Amino acid sequence: MCGIVGIIGTQAVAPRLIDGLKRLEYRGYDSAGLATLDGGAIARRRAKGKIAVLEERVRAEPVGGTTGIGHTRWATHGVPNEINAHPHANARVAVVHNGIIENFQALREELLAQGHSFASDTDTEVVVHLISQIIADGVDPIEATRRALARLEGAFALGILLQERPDVLIAARQGSPLAIGHGDGEMYLGSDALALAPMTRRITYLEDGDWAVLTTGGATIRDLDDRLVTRPEHLTSLSGAMIGKGGHRHFMAKEIFEQPQVIGDTLNAMFNPAERTITLPDLPFDLGAVPRITMIACGTASLAGLVGKYWIERFAGVAVDWDLASEFRYRAPVMAEGGLAVFISQSGETADTLAALRYCKQQGQHCLAIVNAPESSIAREADAVLPTLAGPEIGVASTKAFTTQLVVLACLAIALGRARGTMDRETEARLSGTLTEVPSRAAEVLNHDGRIKALAEETITPARDVLYLGRGTSYPLALEGALKLKEISYIHAEGYAAGEMKHGPIALIDDSVPVVVIAPSDDLFDKTASNVQEVVARGGKAVVFSDAAGVARLKDLALEAIALPAVDPFVAPILYAIPVQLLAYHTAVDKGTDVDQPRNLAKAVTVE
Ligand code: F6R
């Protein structure tokens with residue numbers, strides 16, 4: 001999603017803006033640009049494509065100045081090209097924007113009638129003309145900006161340069177994340193703390209409705225009603241060093257291989273080895289008293305939530321509703337009084353998940369966030385947070401965030417079972433014991449990398465369509481396998497509950513459609529094995545992920561059967577996530593797609 005960086009300082013700003021933009025690359029983008037105040041005038045460089053192209057442009061035509069704004073754009077209104085790239089600017093005002101200005105059409109018509117002409121197809125450009133028009137009407141530039149901001153509807157984060165006020169940089173937030181960084185004699189603006197990490201660790205997050213005037217000496221923040229407000233300063237733990245690939249070819253590979261470590265880190269924060277119990281952080285509500293749970297998220301995070309639903313209903317005997325945030329927020333969901341709503345998000349900034357959280361708060365739900373970004377909006381607005389300790393996830397496809405979300409949900413299921421009296425001490429000790437084995441079993445799964453690579457190249461790359469099947473907690477894994485393959489290899493894939501095959505999808509089976517079956521030895525194995533028979537009987541090519549016992553049963557039927565370590569079915573979804581990640585990864589590498597920044601995708605989806 002779009003990324004913003006801004007600096008009001010004392011050193012040459014253009015190279016520093018480019019450095020900040022590189023740190024925002026992971027969010028996904030299709031063009032980039034920057035604007036500075038150079039010798040009293042707004043100077044701007046923009047380019048379609050990668051930041052390297054912008055860097056080249058700036059090298060060929062340098063821009064001076066010590067104050068500026070930069071942007072990576074993920075297209076919403078208008079195709080990705082240089083004209084639609086940010087900053088949008090005229091001689092008076094330059095603007096970078098993340099989000100959508102919903103009333104841009106009405107504002108554009110009004111401004112066209114006043115004689116303004118528009119260069120781009122974007123919603124953002126109205127902000128430039130609106131501020132300029134108010135300045136032209138004789139209003140002071142900062143006040144003009146305030147009045148313009150008050151007219152904008154939608155979700156946005158903005159960075160604004162004013163030609164007549166080279167001593168300020170303006171920031172505004174309504175729905176989309178924006179952070180202010182505090183430096184020594186300079187100030188910064190960024191979509192996230194990662195962009196600012198090399199310059200400062202002192203961060204202030206703007207709240208919705210806030211707008212701020214930054215000078216080299218500090219920031220003045222006002223709220224929606226234009227009252228002066230103080231927002232707390234945090235010391236971020238993010239490191240200033242550019243996050244590396246650790247010897248891997250892609251961030252995604254590095255993040256897949258980090259899983260034994262981060263699964264262990266996440267579990268260790270909640271597992272008490274002496275007692276063999278799970279201890280969650282103190283929660284401001286009683287887990288034993290919640291009458292119903294709602295699990296809400298988007299994409300891969302929602303699939304972690306679906307596994308969580310199976311676990312919690314089984315071990316804690318409490319009903320769990322599962323919802324996609326983008327659907328939930330536009331229904332009129334009926335919620336049990338005093339219920340618990342769980343929000344799962346790597347970035348903690350997903351617009352739909354955040355909107356769902358706000359709805360649940362209004363409904364009087366206890367709101368619990370499972371997030372990877374501890375300083376994110378979802379983390380800050382929830383009543384309590386269970387952190388995933390995955391570390392920064394840079395590859396757009398979620399991998400280690402997913403498996404650490406599963407670890408937290410497994411711990412939550414155990415804690416709920418204990419609190420509700422549905423799980424005895426012995427079961428808790430057994431289940432938490434099986435969780436402690438996951439890091440070493442995950443390392444064993446990674447040993448299959450070479451074989452999965454060969455499988456990807458021989459069977460998945462040539463396919464046009466791929467099916468993934470699973471039952472029970474392997475069903476969300478089938479959905480996740482298909483999602484992962486689609487998003488990074490662009491091969492069409494569908495995940496199905498294996499029992500649904502006969503209700504339609506079996507018609508797709510022929511010898512050109514690989515069928516990936518996730519079949520750990522559990523109480524549903526025999527049923528899944530029957531589905532494999534049905535696939536093979538129709539000429540389908542079954543690829544089976546199971547354990548030694550399962551492989552022994554299916555190897556004669558399957559085109560390929562890979563034996564993963566035998567584990568308690570409780571933890572199988574965490575381990576079986578890894579081969580489906582590797583299969584998608586190697587297929588994408590073989591196809592030559594942009595694995596870490598797949599086309600059209602963004603890491604943090606901060607627009608709905
Ligand atoms: C897929 C993927 C996405 C995210 C989804 C939610 O690999 O990464 O489906 O899971 O966009 O993002 P977060 O977890 O940041 O809320």
# chains A, B, ... in the order shown; residues from 1 in each chain; ligands from 1

$ residues_near_ligand --ligand "ligand 1" --cutoff "8 Å" --atoms "only C-alpha atoms and all ligand atoms" --output "list in words"
Ala297, Cys298, Gly299, Thr300, Ala301, Ser302, Ile344, Ser345, Gln346, Ser347, Gly348, Glu349, Thr350, Thr353, Val371, Val396, Ala397, Ser398, Thr399, Ala401, Phe402, Leu483, Lys484, Glu487, Ala602, Lys603, Ala604 and Val605 of chain A

$ closest_residue --among "A:Leu389, A:Glu258, A:Ser117, A:Ala212" --to "A:Gly246" --atoms "only C-alpha atoms"
A:Glu258

$ select_by_dssp --residues "stretch 35-165 of chain A" --states "alpha helix (DSSP H)" --output "MDAnalysis selection string"
chainID A and resid 51:60 104:113 125:136 141:150

$ select_by_dssp --residues "stretch 539-607 of chain A" --states "strand (DSSP E)" --output "PDB file with N, CA, C and O atoms, in the first residue's frame"
ATOM      1  N   LYS A 541      -3.946 -36.005 -10.540  1.00  0.00           N
ATOM      2  CA  LYS A 541      -2.586 -36.227 -10.024  1.00  0.00           C
ATOM      3  C   LYS A 541      -2.545 -35.755  -8.576  1.00  0.00           C
ATOM      4  O   LYS A 541      -2.535 -34.539  -8.327  1.00  0.00           O
ATOM      5  N   ALA A 542      -2.544 -36.695  -7.642  1.00  0.00           N
ATOM      6  CA  ALA A 542      -2.570 -36.306  -6.229  1.00  0.00           C
ATOM      7  C   ALA A 542      -1.156 -36.106  -5.699  1.00  0.00           C
ATOM      8  O   ALA A 542      -0.263 -36.930  -5.932  1.00  0.00           O
ATOM      9  N   VAL A 543      -0.962 -34.996  -5.013  1.00  0.00           N
ATOM     10  CA  VAL A 543       0.288 -34.717  -4.316  1.00  0.00           C
ATOM     11  C   VAL A 543      -0.069 -34.684  -2.834  1.00  0.00           C
ATOM     12  O   VAL A 543      -0.885 -33.868  -2.422  1.00  0.00           O
ATOM     13  N   VAL A 544       0.493 -35.599  -2.067  1.00  0.00           N
ATOM     14  CA  VAL A 544       0.037 -35.751  -0.686  1.00  0.00           C
ATOM     15  C   VAL A 544       1.106 -35.280   0.298  1.00  0.00           C
ATOM     16  O   VAL A 544       2.274 -35.678   0.198  1.00  0.00           O
ATOM     17  N   PHE A 545       0.705 -34.435   1.240  1.00  0.00           N
ATOM     18  CA  PHE A 545       1.550 -34.124   2.393  1.00  0.00           C
ATOM     19  C   PHE A 545       0.940 -34.841   3.581  1.00  0.00           C
ATOM     20  O   PHE A 545      -0.201 -34.570   3.973  1.00  0.00           O
ATOM     21  N   SER A 546       1.681 -35.797   4.144  1.00  0.00           N
ATOM     22  CA  SER A 546       1.186 -36.537   5.299  1.00  0.00           C
ATOM     23  C   SER A 546       2.395 -36.882   6.175  1.00  0.00           C
ATOM     24  O   SER A 546       3.447 -36.234   6.066  1.00  0.00           O
ATOM     25  N   ASP A 547       2.240 -37.892   7.046  1.00  0.00           N
ATOM     26  CA  ASP A 547       3.388 -38.380   7.814  1.00  0.00           C
ATOM     27  C   ASP A 547       3.698 -39.794   7.334  1.00  0.00           C
ATOM     28  O   ASP A 547       3.039 -40.286   6.398  1.00  0.00           O
ATOM     29  N   GLU A 560       2.970 -38.080  -5.932  1.00  0.00           N
ATOM     30  CA  GLU A 560       4.073 -37.784  -5.008  1.00  0.00           C
ATOM     31  C   GLU A 560       3.487 -37.737  -3.605  1.00  0.00           C
ATOM     32  O   GLU A 560       2.399 -37.186  -3.402  1.00  0.00           O
ATOM     33  N   ALA A 561       4.175 -38.340  -2.641  1.00  0.00           N
ATOM     34  CA  ALA A 561       3.698 -38.275  -1.254  1.00  0.00           C
ATOM     35  C   ALA A 561       4.900 -37.970  -0.370  1.00  0.00           C
ATOM     36  O   ALA A 561       5.899 -38.691  -0.392  1.00  0.00           O
ATOM     37  N   ILE A 562       4.813 -36.889   0.367  1.00  0.00           N
ATOM     38  CA  ILE A 562       5.955 -36.455   1.189  1.00  0.00           C
ATOM     39  C   ILE A 562       5.621 -36.675   2.659  1.00  0.00           C
ATOM     40  O   ILE A 562       4.576 -36.214   3.146  1.00  0.00           O
ATOM     41  N   ALA A 563       6.528 -37.383   3.347  1.00  0.00           N
ATOM     42  CA  ALA A 563       6.280 -37.718   4.760  1.00  0.00           C
ATOM     43  C   ALA A 563       6.888 -36.653   5.665  1.00  0.00           C
ATOM     44  O   ALA A 563       8.109 -36.536   5.763  1.00  0.00           O
ATOM     45  N   LEU A 564       6.030 -35.918   6.319  1.00  0.00           N
ATOM     46  CA  LEU A 564       6.479 -34.918   7.295  1.00  0.00           C
ATOM     47  C   LEU A 564       6.564 -35.620   8.650  1.00  0.00           C
ATOM     48  O   LEU A 564       6.058 -36.736   8.797  1.00  0.00           O
TER      49      LEU A 564
END

$ residues_around --residues "stretch 150-160 of chain A" --least-positions-apart "4" --cutoff "6 Å" --atoms "only C-alpha atoms" --output "PyMOL selection string"
chain A and resi 94-103+170-176

$ write_last_selection --atoms "all heavy atoms" --output "compact mmCIF listing (two decimals), in the first residue's frame"
# COMPACT_ATOMS: atom_id res chain seq x y z
N ALA A 94 2.66 20.82 -2.63
CA ALA A 94 2.94 19.45 -3.06
C ALA A 94 2.37 18.50 -2.01
O ALA A 94 2.47 18.76 -0.80
CB ALA A 94 4.45 19.22 -3.20
N VAL A 95 1.76 17.40 -2.48
CA VAL A 95 1.04 16.52 -1.57
C VAL A 95 1.39 15.06 -1.85
O VAL A 95 1.44 14.64 -3.01
CB VAL A 95 -0.50 16.71 -1.75
CG1 VAL A 95 -1.27 15.67 -0.95
CG2 VAL A 95 -0.92 18.10 -1.33
N VAL A 96 1.63 14.29 -0.79
CA VAL A 96 1.68 12.84 -0.88
C VAL A 96 0.53 12.29 -0.04
O VAL A 96 0.18 12.87 0.99
CB VAL A 96 3.03 12.23 -0.42
CG1 VAL A 96 4.11 12.48 -1.44
CG2 VAL A 96 3.45 12.74 0.95
N HIS A 97 -0.03 11.18 -0.48
CA HIS A 97 -1.29 10.72 0.11
C HIS A 97 -1.33 9.20 0.12
O HIS A 97 -0.96 8.56 -0.85
CB HIS A 97 -2.43 11.31 -0.76
CG HIS A 97 -3.78 10.71 -0.55
ND1 HIS A 97 -4.68 10.53 -1.56
CD2 HIS A 97 -4.39 10.27 0.57
CE1 HIS A 97 -5.78 10.00 -1.10
NE2 HIS A 97 -5.64 9.83 0.19
N ASN A 98 -1.81 8.66 1.21
CA ASN A 98 -2.12 7.23 1.31
C ASN A 98 -3.59 7.15 1.69
O ASN A 98 -4.01 7.80 2.62
CB ASN A 98 -1.23 6.60 2.39
CG ASN A 98 -1.63 5.16 2.70
OD1 ASN A 98 -2.37 4.54 1.95
ND2 ASN A 98 -1.13 4.64 3.80
N GLY A 99 -4.37 6.35 0.95
CA GLY A 99 -5.79 6.22 1.28
C GLY A 99 -6.65 6.64 0.10
O GLY A 99 -6.18 6.70 -1.03
N ILE A 100 -7.91 6.90 0.39
CA ILE A 100 -8.84 7.30 -0.68
C ILE A 100 -9.64 8.49 -0.21
O ILE A 100 -10.21 8.48 0.89
CB ILE A 100 -9.79 6.12 -1.03
CG1 ILE A 100 -8.98 4.95 -1.61
CG2 ILE A 100 -10.86 6.56 -2.02
CD1 ILE A 100 -9.77 3.70 -1.87
N ILE A 101 -9.69 9.53 -1.06
CA ILE A 101 -10.54 10.69 -0.75
C ILE A 101 -11.88 10.45 -1.42
O ILE A 101 -12.01 10.49 -2.65
CB ILE A 101 -9.84 11.99 -1.19
CG1 ILE A 101 -8.61 12.12 -0.31
CG2 ILE A 101 -10.78 13.19 -1.05
CD1 ILE A 101 -7.66 13.15 -0.61
N GLU A 102 -12.86 10.12 -0.60
CA GLU A 102 -14.11 9.61 -1.17
C GLU A 102 -14.91 10.70 -1.87
O GLU A 102 -15.66 10.41 -2.80
CB GLU A 102 -14.94 8.94 -0.07
CG GLU A 102 -14.37 7.57 0.26
CD GLU A 102 -14.93 6.95 1.52
OE1 GLU A 102 -15.84 7.54 2.14
OE2 GLU A 102 -14.45 5.86 1.88
N ASN A 103 -14.81 11.94 -1.43
CA ASN A 103 -15.59 13.01 -2.07
C ASN A 103 -14.77 13.76 -3.13
O ASN A 103 -15.05 14.91 -3.44
CB ASN A 103 -16.14 13.99 -1.02
CG ASN A 103 -15.05 14.66 -0.21
OD1 ASN A 103 -13.94 14.13 -0.12
ND2 ASN A 103 -15.34 15.81 0.38
N ILE A 170 3.54 19.67 6.72
CA ILE A 170 2.26 19.38 7.36
C ILE A 170 1.90 17.91 7.19
O ILE A 170 2.12 17.32 6.13
CB ILE A 170 1.16 20.32 6.82
CG1 ILE A 170 1.55 21.74 7.23
CG2 ILE A 170 -0.22 19.94 7.37
CD1 ILE A 170 0.55 22.80 6.99
N ALA A 171 1.36 17.34 8.25
CA ALA A 171 0.95 15.94 8.25
C ALA A 171 -0.51 15.87 8.69
O ALA A 171 -0.92 16.66 9.55
CB ALA A 171 1.80 15.15 9.25
N ALA A 172 -1.26 14.95 8.11
CA ALA A 172 -2.65 14.79 8.56
C ALA A 172 -3.02 13.33 8.47
O ALA A 172 -2.62 12.63 7.55
CB ALA A 172 -3.59 15.61 7.69
N ARG A 173 -3.82 12.88 9.44
CA ARG A 173 -4.22 11.48 9.46
C ARG A 173 -5.72 11.34 9.70
O ARG A 173 -6.26 11.89 10.64
CB ARG A 173 -3.50 10.75 10.61
CG ARG A 173 -3.97 9.33 10.68
CD ARG A 173 -3.66 8.60 11.94
NE ARG A 173 -4.48 7.39 11.87
CZ ARG A 173 -4.17 6.22 12.36
NH1 ARG A 173 -3.07 6.06 13.01
NH2 ARG A 173 -4.98 5.20 12.22
N GLN A 174 -6.37 10.60 8.81
CA GLN A 174 -7.77 10.25 9.02
C GLN A 174 -7.93 8.81 8.53
O GLN A 174 -8.17 8.58 7.35
CB GLN A 174 -8.68 11.22 8.25
CG GLN A 174 -10.16 10.91 8.34
CD GLN A 174 -10.68 11.02 9.76
OE1 GLN A 174 -10.59 12.07 10.39
NE2 GLN A 174 -11.17 9.92 10.28
N GLY A 175 -7.69 7.87 9.37
CA GLY A 175 -7.91 6.47 8.98
C GLY A 175 -6.67 5.74 8.53
O GLY A 175 -6.53 4.56 8.81
N SER A 176 -5.78 6.38 7.80
CA SER A 176 -4.58 5.67 7.34
C SER A 176 -3.42 6.00 8.27
O SER A 176 -3.30 7.13 8.73
CB SER A 176 -4.22 6.10 5.92
OG SER A 176 -5.28 5.79 5.06

$ atom_distance --atom1 "atom CA of A:Thr236" --atom2 "atom CA of A:Arg201"
5.2 Å

$ residues_around --residues "A:Thr294" --least-positions-apart "3" --cutoff "10 Å" --atoms "only C-alpha atoms" --output "list in words"
Gly305, Lys309, Ala319, Val320, Asp321, Trp322, Asp323, Met335, Ala336, Gly339, Leu340, Ala341, Val342, Phe343, Cys360, Gln365 and Cys367 of chain A

$ residues_around --residues "A:Val79" --least-positions-apart "5" --cutoff "10 Å" --atoms "only C-alpha atoms" --output "PDB file with C-alpha atoms, in the first residue's frame"
ATOM      1  CA  ASP A  30       3.915   0.569  -8.641  1.00  0.00           C
ATOM      2  CA  TRP A  74      -0.109   1.566  -4.970  1.00  0.00           C
ATOM      3  CA  ASN A  84      -0.466   9.594 -11.513  1.00  0.00           C
ATOM      4  CA  ALA A  85       2.596   9.073  -9.294  1.00  0.00           C
ATOM      5  CA  SER A 120      -3.691  13.299 -13.259  1.00  0.00           C
ATOM      6  CA  ASP A 121      -6.556  10.845 -12.800  1.00  0.00           C
ATOM      7  CA  THR A 122      -5.993  10.635  -9.046  1.00  0.00           C
TER       8      THR A 122
END

$ atom_distance --atom1 "atom CA of A:Val13" --atom2 "atom CA of A:Thr66"
4.7 Å

$ closest_residue --among "A:Asp594, A:Glu337, A:Asp192, A:Glu608" --to "A:Arg249" --atoms "only C-alpha atoms"
A:Asp594

$ closest_residue --among "A:Gly495, A:Pro284, A:Ala566, A:Ser237" --to "A:Ala373" --atoms "only C-alpha atoms"
A:Ser237
